[in-house]
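Enquirer: input_2.csv is reproduced in full below (CSV, C-alpha atoms (C1' of nucleotides)).
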```
chain,number,residue,atom,x,y,z
E,1,MET,CA,-20.2,-2.0,-28.5
E,2,GLU,CA,-17.8,0.4,-30.1
E,3,PHE,CA,-16.0,3.6,-29.0
E,4,GLU,CA,-16.8,7.1,-29.9
E,5,THR,CA,-13.6,9.2,-30.2
E,6,GLY,CA,-12.8,12.9,-29.7
E,7,ALA,CA,-10.2,15.3,-28.3
E,8,ILE,CA,-10.1,18.2,-25.8
E,9,PRO,CA,-7.6,20.9,-26.9
E,10,LEU,CA,-5.8,21.9,-23.7
E,11,SER,CA,-5.9,25.5,-25.0
E,12,ASP,CA,-9.5,25.3,-23.9
E,13,ILE,CA,-8.8,25.0,-20.2
E,14,ASP,CA,-7.4,27.5,-17.6
E,15,GLY,CA,-3.8,26.6,-16.8
E,16,ALA,CA,-1.6,23.7,-17.6
E,17,PHE,CA,-2.5,20.0,-17.5
E,18,ASP,CA,-0.3,16.9,-17.0
E,19,LEU,CA,-2.3,13.6,-17.3
E,20,GLN,CA,0.5,11.4,-16.0
E,21,ALA,CA,1.2,13.4,-12.9
E,22,THR,CA,-2.6,13.7,-12.2
E,23,LEU,CA,-3.2,10.0,-12.5
E,24,GLU,CA,0.0,8.6,-11.1
E,25,SER,CA,0.4,10.8,-8.1
E,26,GLY,CA,-1.5,8.5,-5.7
E,27,GLN,CA,-4.8,10.5,-5.7
E,28,SER,CA,-6.9,8.0,-7.7
E,29,TYR,CA,-6.5,4.3,-7.7
E,30,LEU,CA,-9.3,3.8,-10.2
E,31,TRP,CA,-7.5,4.2,-13.5
E,32,ASP,CA,-5.2,1.7,-15.2
E,33,ARG,CA,-2.5,2.4,-17.6
E,34,ALA,CA,-2.9,0.3,-20.8
E,35,ASP,CA,0.8,-0.4,-21.2
E,36,GLY,CA,0.9,-1.9,-17.7
E,37,ARG,CA,3.5,0.5,-16.5
E,38,MET,CA,1.6,2.5,-13.9
E,39,TYR,CA,3.9,4.0,-11.3
E,40,GLU,CA,7.0,2.7,-13.0
E,41,SER,CA,8.3,6.0,-14.3
E,42,MET,CA,7.3,8.6,-11.7
E,43,ASP,CA,10.1,10.9,-12.7
E,44,VAL,CA,10.0,10.3,-16.4
E,45,TYR,CA,7.2,11.5,-18.6
E,46,GLY,CA,5.5,8.4,-19.8
E,47,GLY,CA,4.9,9.8,-23.3
E,48,ASP,CA,1.4,9.3,-24.6
E,49,ALA,CA,0.3,6.3,-22.6
E,50,TRP,CA,-3.4,5.5,-22.6
E,51,TYR,CA,-5.2,5.4,-19.2
E,52,GLU,CA,-8.6,3.7,-18.9
E,53,THR,CA,-11.4,3.4,-16.3
E,54,VAL,CA,-15.1,2.5,-16.1
E,55,VAL,CA,-17.0,5.4,-14.7
E,56,PRO,CA,-20.2,4.9,-12.8
E,57,PRO,CA,-23.2,7.2,-13.5
E,58,ILE,CA,-22.4,10.7,-12.1
E,59,ASP,CA,-25.3,13.0,-11.1
E,60,GLY,CA,-25.6,15.9,-13.5
E,61,VAL,CA,-22.7,14.6,-15.7
E,62,SER,CA,-23.5,11.2,-17.2
E,63,ASP,CA,-26.6,8.9,-16.8
E,64,GLU,CA,-25.0,5.6,-17.5
E,65,GLN,CA,-21.8,3.6,-16.7
E,66,ALA,CA,-19.2,4.5,-19.3
E,67,VAL,CA,-15.8,3.1,-20.4
E,68,VAL,CA,-13.4,5.9,-20.9
E,69,ARG,CA,-9.8,5.9,-22.3
E,70,VAL,CA,-7.7,9.0,-22.5
E,71,ARG,CA,-4.1,10.0,-23.4
E,72,GLN,CA,-2.3,13.3,-23.6
E,73,THR,CA,-0.5,14.1,-26.9
E,74,ASP,CA,0.3,17.2,-28.8
E,75,GLY,CA,-1.4,19.7,-26.5
E,76,ARG,CA,-4.7,17.8,-26.3
E,77,LEU,CA,-6.5,15.0,-24.6
E,78,GLU,CA,-7.5,12.3,-27.0
E,79,TRP,CA,-10.3,10.1,-25.8
E,80,GLU,CA,-12.2,7.0,-26.7
E,81,ALA,CA,-15.4,6.3,-24.8
E,82,THR,CA,-18.8,4.6,-24.9
E,83,THR,CA,-20.4,8.1,-24.7
E,84,ASP,CA,-19.3,11.7,-25.0
E,85,ALA,CA,-16.3,11.8,-22.7
E,86,VAL,CA,-15.9,15.6,-22.5
E,87,PRO,CA,-18.2,16.3,-19.5
E,88,ILE,CA,-16.9,13.1,-17.8
E,89,LEU,CA,-13.2,14.0,-18.2
E,90,THR,CA,-13.9,17.6,-17.2
E,91,HIS,CA,-15.5,16.3,-14.0
E,92,LEU,CA,-13.0,13.5,-13.1
E,93,LEU,CA,-9.8,15.5,-13.9
E,94,ARG,CA,-11.1,18.8,-12.7
E,95,LEU,CA,-10.5,20.5,-16.1
E,96,ASP,CA,-12.9,23.2,-14.8
E,97,ASP,CA,-10.4,24.4,-12.2
E,98,ASP,CA,-8.5,27.5,-13.0
E,99,LEU,CA,-5.1,26.1,-12.0
E,100,ASP,CA,-3.1,29.3,-12.3
E,101,ALA,CA,-5.6,31.1,-10.0
E,102,ILE,CA,-5.5,28.3,-7.5
E,103,LEU,CA,-1.7,28.2,-7.4
E,104,ASP,CA,-1.5,31.9,-7.2
E,105,ALA,CA,-3.8,31.7,-4.1
E,106,THR,CA,-1.3,29.5,-2.2
E,107,PRO,CA,1.7,30.9,-0.4
E,108,ASP,CA,5.1,31.7,-1.7
E,109,ASP,CA,7.2,29.1,-0.1
E,110,SER,CA,10.3,27.4,-1.4
E,111,LEU,CA,9.0,23.9,-0.9
E,112,LEU,CA,5.8,24.6,-2.7
E,113,GLU,CA,7.5,26.3,-5.6
E,114,ARG,CA,9.8,23.4,-6.1
E,115,ALA,CA,6.9,21.0,-6.1
E,116,TYR,CA,4.8,23.2,-8.5
E,117,ASP,CA,7.8,23.4,-10.9
E,118,ALA,CA,8.4,19.7,-10.8
E,119,TYR,CA,4.8,18.7,-11.6
E,120,GLU,CA,3.4,21.7,-13.4
E,121,GLY,CA,-0.1,20.9,-14.6
E,122,MET,CA,-0.9,18.3,-12.0
E,123,ARG,CA,-4.6,18.7,-11.0
E,124,LEU,CA,-6.6,17.2,-8.3
E,125,VAL,CA,-9.0,14.4,-9.3
E,126,ARG,CA,-12.7,14.1,-8.6
E,127,ASP,CA,-13.2,10.4,-8.1
E,128,PRO,CA,-16.6,8.8,-7.7
E,129,PRO,CA,-17.4,8.8,-4.0
E,130,PHE,CA,-17.9,5.1,-3.1
E,131,PRO,CA,-14.9,3.8,-5.1
E,132,CYS,CA,-12.8,6.6,-3.6
E,133,LEU,CA,-14.0,5.7,0.0
E,134,ILE,CA,-13.1,2.0,-0.5
E,135,SER,CA,-9.7,2.7,-2.1
E,136,PHE,CA,-8.6,4.9,0.7
E,137,ILE,CA,-9.8,2.4,3.3
E,138,CYS,CA,-7.5,0.0,1.5
E,139,SER,CA,-4.7,2.5,1.6
E,140,ALA,CA,-3.9,2.1,5.3
E,141,GLN,CA,-0.2,1.1,5.8
E,142,MET,CA,0.1,0.2,2.1
E,143,ARG,CA,2.3,1.2,-0.8
E,144,VAL,CA,0.8,3.2,-3.6
E,145,SER,CA,1.3,0.5,-6.2
E,146,ARG,CA,-0.3,-2.1,-4.0
E,147,ILE,CA,-3.4,0.1,-3.3
E,148,HIS,CA,-3.8,0.4,-7.0
E,149,GLY,CA,-3.4,-3.4,-7.5
E,150,MET,CA,-6.1,-4.1,-4.8
E,151,GLN,CA,-8.6,-1.8,-6.6
E,152,MET,CA,-7.9,-3.4,-9.9
E,153,ARG,CA,-8.5,-6.8,-8.4
E,154,LEU,CA,-11.7,-5.8,-6.6
E,155,ALA,CA,-13.0,-4.6,-10.0
E,156,ARG,CA,-11.9,-7.8,-11.8
E,157,GLU,CA,-13.4,-10.1,-9.2
E,158,TYR,CA,-16.7,-8.3,-8.3
E,159,GLY,CA,-17.4,-5.5,-10.7
E,160,ASP,CA,-19.5,-5.4,-13.9
E,161,THR,CA,-17.7,-6.6,-17.0
E,162,VAL,CA,-18.1,-4.5,-20.1
E,163,THR,CA,-16.8,-5.5,-23.5
E,164,VAL,CA,-16.0,-2.7,-26.0
E,165,ALA,CA,-14.3,-3.1,-29.4
E,166,GLY,CA,-13.3,-6.7,-28.4
E,167,GLU,CA,-11.6,-5.6,-25.2
E,168,THR,CA,-12.9,-6.4,-21.7
E,169,TYR,CA,-13.1,-3.7,-19.0
E,170,HIS,CA,-14.1,-4.1,-15.3
E,171,ALA,CA,-16.1,-1.5,-13.4
E,172,PHE,CA,-15.4,-0.9,-9.7
E,173,PRO,CA,-18.0,-2.9,-7.7
E,174,THR,CA,-21.0,-1.1,-6.4
E,175,ALA,CA,-21.8,-1.0,-2.7
E,176,ASP,CA,-24.4,-3.8,-3.3
E,177,GLN,CA,-21.8,-5.9,-5.1
E,178,LEU,CA,-19.2,-5.6,-2.4
E,179,ALA,CA,-21.6,-5.8,0.6
E,180,VAL,CA,-22.6,-9.4,-0.3
E,181,ARG,CA,-19.0,-10.6,-0.1
E,182,THR,CA,-17.7,-12.1,3.1
E,183,GLU,CA,-14.8,-10.9,5.1
E,184,ASP,CA,-13.0,-14.1,4.2
E,185,GLU,CA,-13.5,-13.7,0.5
E,186,LEU,CA,-12.0,-10.2,0.8
E,187,ARG,CA,-9.1,-11.5,2.8
E,188,ASP,CA,-8.4,-14.0,0.0
E,189,LEU,CA,-7.9,-11.0,-2.3
E,190,SER,CA,-5.1,-10.1,0.2
E,191,LEU,CA,-6.8,-7.1,1.7
E,192,GLY,CA,-5.5,-8.2,5.1
E,193,TYR,CA,-7.0,-6.5,8.1
E,194,ARG,CA,-8.8,-4.1,5.8
E,195,ALA,CA,-11.2,-6.8,4.6
E,196,PRO,CA,-13.8,-6.3,7.4
E,197,TYR,CA,-13.5,-2.5,7.0
E,198,VAL,CA,-14.4,-2.8,3.3
E,199,GLN,CA,-17.1,-5.3,3.9
E,200,ARG,CA,-18.8,-3.4,6.7
E,201,THR,CA,-18.5,0.0,5.0
E,202,ALA,CA,-20.0,-1.5,1.8
E,203,GLU,CA,-22.8,-2.8,3.9
E,204,MET,CA,-23.5,0.5,5.5
E,205,VAL,CA,-23.8,2.1,2.0
E,206,ALA,CA,-25.8,-0.8,0.5
E,207,ASN,CA,-28.3,-0.7,3.4
E,208,GLY,CA,-28.8,3.0,3.0
E,209,ASP,CA,-27.5,3.8,6.5
E,210,ALA,CA,-25.0,6.3,5.2
E,211,HIS,CA,-23.4,7.5,2.0
E,212,PRO,CA,-20.2,9.5,1.5
E,213,ASN,CA,-22.2,12.1,-0.4
E,214,ASP,CA,-23.9,12.9,2.9
E,215,ALA,CA,-20.8,15.0,3.8
E,216,VAL,CA,-21.3,17.4,0.9
E,217,GLY,CA,-22.5,20.8,2.0
E,218,LEU,CA,-21.3,20.4,5.6
E,219,PRO,CA,-18.7,22.7,7.1
E,220,TYR,CA,-15.3,21.1,6.5
E,221,GLU,CA,-14.6,19.7,9.9
E,222,ASP,CA,-18.1,18.4,10.3
E,223,ALA,CA,-17.8,16.7,6.9
E,224,ARG,CA,-14.5,15.1,8.1
E,225,ASP,CA,-16.2,13.9,11.3
E,226,SER,CA,-19.2,12.5,9.3
E,227,LEU,CA,-17.1,10.3,7.1
E,228,THR,CA,-15.4,8.7,10.1
E,229,GLN,CA,-18.6,6.9,10.8
E,230,PHE,CA,-17.6,4.4,8.1
E,231,VAL,CA,-15.6,1.4,9.4
E,232,GLY,CA,-11.9,1.8,8.6
E,233,VAL,CA,-12.1,5.6,8.2
E,234,GLY,CA,-10.3,7.9,10.5
E,235,ASP,CA,-9.4,11.5,10.1
E,236,LYS,CA,-6.7,10.9,7.5
E,237,VAL,CA,-8.8,8.7,5.1
E,238,SER,CA,-11.7,11.0,5.6
E,239,ASP,CA,-9.6,13.9,4.4
E,240,CYS,CA,-8.6,11.9,1.3
E,241,VAL,CA,-12.2,11.3,0.4
E,242,LEU,CA,-13.1,15.0,1.0
E,243,LEU,CA,-10.2,16.1,-1.2
E,244,PHE,CA,-10.1,13.6,-4.0
E,245,SER,CA,-13.8,13.0,-4.4
E,246,LEU,CA,-16.1,15.5,-2.6
E,247,GLY,CA,-14.4,18.8,-3.6
E,248,PHE,CA,-13.2,20.0,-0.2
E,249,LEU,CA,-10.0,21.6,-1.6
E,250,GLU,CA,-9.0,22.8,1.8
E,251,ALA,CA,-8.6,19.2,3.2
E,252,VAL,CA,-5.0,18.3,4.0
E,253,PRO,CA,-4.6,14.6,4.6
E,254,LEU,CA,-2.0,14.2,7.4
E,255,ASP,CA,-0.2,11.1,6.2
E,256,THR,CA,3.3,10.0,7.0
E,257,TRP,CA,4.8,12.1,4.2
E,258,ILE,CA,3.1,15.3,5.2
E,259,GLN,CA,3.9,14.6,8.9
E,260,THR,CA,7.6,14.5,7.7
E,261,ALA,CA,7.1,17.7,5.7
E,262,ILE,CA,5.7,19.4,8.7
E,263,ALA,CA,8.6,18.3,10.9
E,264,ASP,CA,11.1,19.4,8.3
E,265,HIS,CA,9.5,22.5,6.8
E,266,TYR,CA,6.7,23.7,9.0
E,267,PRO,CA,7.6,22.6,12.6
E,268,ASP,CA,5.5,25.3,14.2
E,269,CYS,CA,2.4,23.7,12.7
E,270,GLU,CA,2.9,20.5,14.7
E,271,ALA,CA,0.3,20.8,17.4
E,272,GLY,CA,0.1,17.4,19.0
E,273,ASN,CA,-3.2,16.1,17.6
E,274,TYR,CA,-4.8,15.8,14.2
E,275,THR,CA,-7.4,18.5,14.5
E,276,GLU,CA,-5.1,21.3,15.6
E,277,THR,CA,-2.2,20.3,13.4
E,278,SER,CA,-4.7,20.2,10.5
E,279,ARG,CA,-5.9,23.7,11.3
E,280,ALA,CA,-2.3,25.0,11.5
E,281,ILE,CA,-1.0,23.4,8.2
E,282,ARG,CA,-4.2,24.3,6.3
E,283,ASP,CA,-3.7,27.9,7.4
E,284,ARG,CA,0.0,27.7,6.4
E,285,LEU,CA,-0.9,26.3,3.0
E,286,GLY,CA,-3.3,29.1,2.2
E,287,GLY,CA,-6.6,27.9,3.5
E,288,GLN,CA,-9.2,27.2,0.8
E,289,TYR,CA,-6.8,25.4,-1.7
E,290,ALA,CA,-4.5,23.9,0.9
E,291,GLY,CA,-5.3,20.4,-0.4
E,292,TYR,CA,-3.9,21.3,-3.8
E,293,ALA,CA,-0.6,22.4,-2.2
E,294,GLN,CA,-0.6,19.2,0.0
E,295,THR,CA,-1.0,17.0,-3.1
E,296,TYR,CA,1.9,18.6,-4.9
E,297,VAL,CA,4.1,18.3,-1.8
E,298,PHE,CA,3.1,14.6,-1.3
E,299,TYR,CA,4.0,13.7,-4.8
E,300,TYR,CA,7.2,15.8,-4.8
E,301,LEU,CA,8.5,14.3,-1.6
E,302,ARG,CA,7.5,10.7,-2.5
E,303,ALA,CA,9.4,11.1,-5.8
E,304,GLY,CA,12.5,12.0,-3.8
E,305,GLY,CA,12.4,15.8,-3.6
E,306,GLU,CA,13.4,17.6,-0.5
X,1,DC,C1',15.7,-12.3,8.5
X,2,DG,C1',13.8,-7.2,9.8
X,3,DC,C1',11.7,-3.1,8.3
X,4,DC,C1',8.2,-0.4,6.3
X,5,DA,C1',4.0,1.1,3.7
X,6,DG,C1',-1.1,7.7,2.0
X,7,DG,C1',-3.7,4.2,9.5
X,8,DC,C1',-7.5,2.3,12.1
X,9,DT,C1',-9.9,0.0,16.0
X,10,DA,C1',-10.4,-1.4,20.5
X,11,DG,C1',-9.2,-1.2,25.0
X,12,DC,C1',-6.8,0.9,28.4
X,13,DG,C1',-5.8,4.9,32.0
A,1,DC,C1',-10.0,13.0,26.2
A,2,DG,C1',-4.9,10.8,24.9
A,3,DC,C1',-2.1,6.7,24.3
A,4,DT,C1',-0.8,2.3,22.2
A,5,DA,C1',-0.8,-2.9,20.9
A,6,DG,C1',-2.2,-5.4,17.3
A,7,DC,C1',-3.2,-5.9,12.8
A,8,DA,C1',-2.1,-8.6,7.0
A,9,DT,C1',0.6,-8.6,3.2
A,10,DG,C1',4.4,-8.0,0.0
A,11,DG,C1',8.8,-5.8,-1.5
A,12,DC,C1',13.3,-4.8,-0.5
```
Please rewrite the model in this file as structure tokens.
Expert:
Amino acid sequence: MEFETGAIPLSDIDGAFDLQATLESGQSYLWDRADGRMYESMDVYGGDAWYETVVPPIDGVSDEQAVVRVRQTDGRLEWEATTDAVPILTHLLRLDDDLDAILDATPDDSLLERAYDAYEGMRLVRDPPFPCLISFICSAQMRVSRIHGMQMRLAREYGDTVTVAGETYHAFPTADQLAVRTEDELRDLSLGYRAPYVQRTAEMVANGDAHPNDAVGLPYEDARDSLTQFVGVGDKVSDCVLLFSLGFLEAVPLDTWIQTAIADHYPDCEAGNYTETSRAIRDRLGGQYAGYAQTYVFYYLRAGGE
DNA sequence: CGCCAGGCTAGCG
DNA sequence: CGCTAGCATGGC
């Protein structure tokens, strides 16, 4: 199999775009950087590095699994893919968002402005639901680079292998492919105590008992509750899946970094429990796009900003 | 060696 | 309900 190639002029989209910030900000763990330097240069623009992933079929976007490579150079996104990558990239990288309008709809607040300035053009991602669910189950008490390493390893060990132009790519395993693995096998991949969570959640999806897409269309807090039925998914992981996969842009995952930000910058939003603190910080960050603001703050603080 | 990392589950009061 | 011990692993 060979690649088709193309390019998306960034003048075609509403607002700026920064591929490195979007893919190395700890939202998606499903892309790999071809030069092997993922997360090594968080503060330094990585130039025109290629990023690659194997995308499962997406309803209404692409019928078949596709290998997609992309890099940002000279005001455009160059791509190489096994099919037309324009609709796929538009979907995965949320190129259909009007970023200026979204940022205009969030509050004027000095922390947010610093974060927006530092990573202008960062967009949310729209990850495939099942891989997103598994990657954030793995994220518990784990560093960003290790979460990424785990997902790459799951793909290498258990996912489909696709060869294009002489190179081998590994798709993230489907629920069926993961569900037949044992807890011990997953522990051997150094998933630690997350191994049974991943195995049992994959089984729930494979058996048809539940699917992350079931949350789509529910009111936000009901959607968050519904995802916690999966093993290894609490409120925080649930919010990550809602925000980074299912399009709930108001979701604000309350992780350790945001808890710190609340204590330092929004102390009156600390309400003692997840539900109430979530309501308060969502309101403070502007409501419907609060998750966009959260993701900028997360990346900014993790990179050393204050 | 100790500490910490995009937390969650089970079991307790 | 709210609270917390225990949980794997690797990097510093």
Enquirer: If you count all atoms listed in the file, which residues fall within 9 Å of DG7 in chain X, apart from same-chain ones fewer than 5 positions away, as a ChimeraX atom specification?
Expert: /E:137,139-141,232-234,236-237,255
Enquirer: Skip range 66-71 of chain E itself and residues of its chain fewer than 4 positions away, then list as a short mmCIF file (atom, residue, chain, number, x, y, z; two decimals) with C-alpha atoms, in the coordinates of the input all residues within 8 Å of it, counting all atoms listed in the file.
Expert:
```cif
data_model
loop_
_atom_site.label_atom_id
_atom_site.label_comp_id
_atom_site.auth_asym_id
_atom_site.auth_seq_id
_atom_site.Cartn_x
_atom_site.Cartn_y
_atom_site.Cartn_z
CA LEU E 19 -2.30 13.60 -17.30
CA ASP E 48 1.40 9.30 -24.60
CA ALA E 49 0.30 6.30 -22.60
CA TRP E 50 -3.40 5.50 -22.60
CA TYR E 51 -5.20 5.40 -19.20
CA GLU E 52 -8.60 3.70 -18.90
CA THR E 53 -11.40 3.40 -16.30
CA VAL E 54 -15.10 2.50 -16.10
CA VAL E 55 -17.00 5.40 -14.70
CA PRO E 56 -20.20 4.90 -12.80
CA PRO E 57 -23.20 7.20 -13.50
CA LEU E 77 -6.50 15.00 -24.60
CA GLU E 78 -7.50 12.30 -27.00
CA TRP E 79 -10.30 10.10 -25.80
CA GLU E 80 -12.20 7.00 -26.70
CA ALA E 81 -15.40 6.30 -24.80
CA THR E 82 -18.80 4.60 -24.90
CA THR E 83 -20.40 8.10 -24.70
CA ALA E 85 -16.30 11.80 -22.70
CA VAL E 162 -18.10 -4.50 -20.10
CA TYR E 169 -13.10 -3.70 -19.00
#
```
Enquirer: Compute the set of chain A residues within 9 Å of chain E, using only C-alpha atoms (C1' of nucleotides), and express it as JSON, numbers by chain.
Expert: {"A": [7, 8, 9, 10]}
Enquirer: Could you jot down the CA of Glu276 in chain E to C1' of DC12 in chain X separation for me, Å, one decimal place?
Expert: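 Computing it gives 24.1 Å between the two atoms.
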Enquirer: Up to 7 Å from chain E, what residues of chain X turn up? Count all atoms listed in the file and give them as a list in words.
Expert: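 So the contacting residues turn out to be DA5, DG6, DG7 and DC8 of chain X.
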Enquirer: Work out how far apart CA of Leu23 in chain E and CA of Leu92 in chain E are and give it in Å to one decimal.
Expert: 10.4 Å
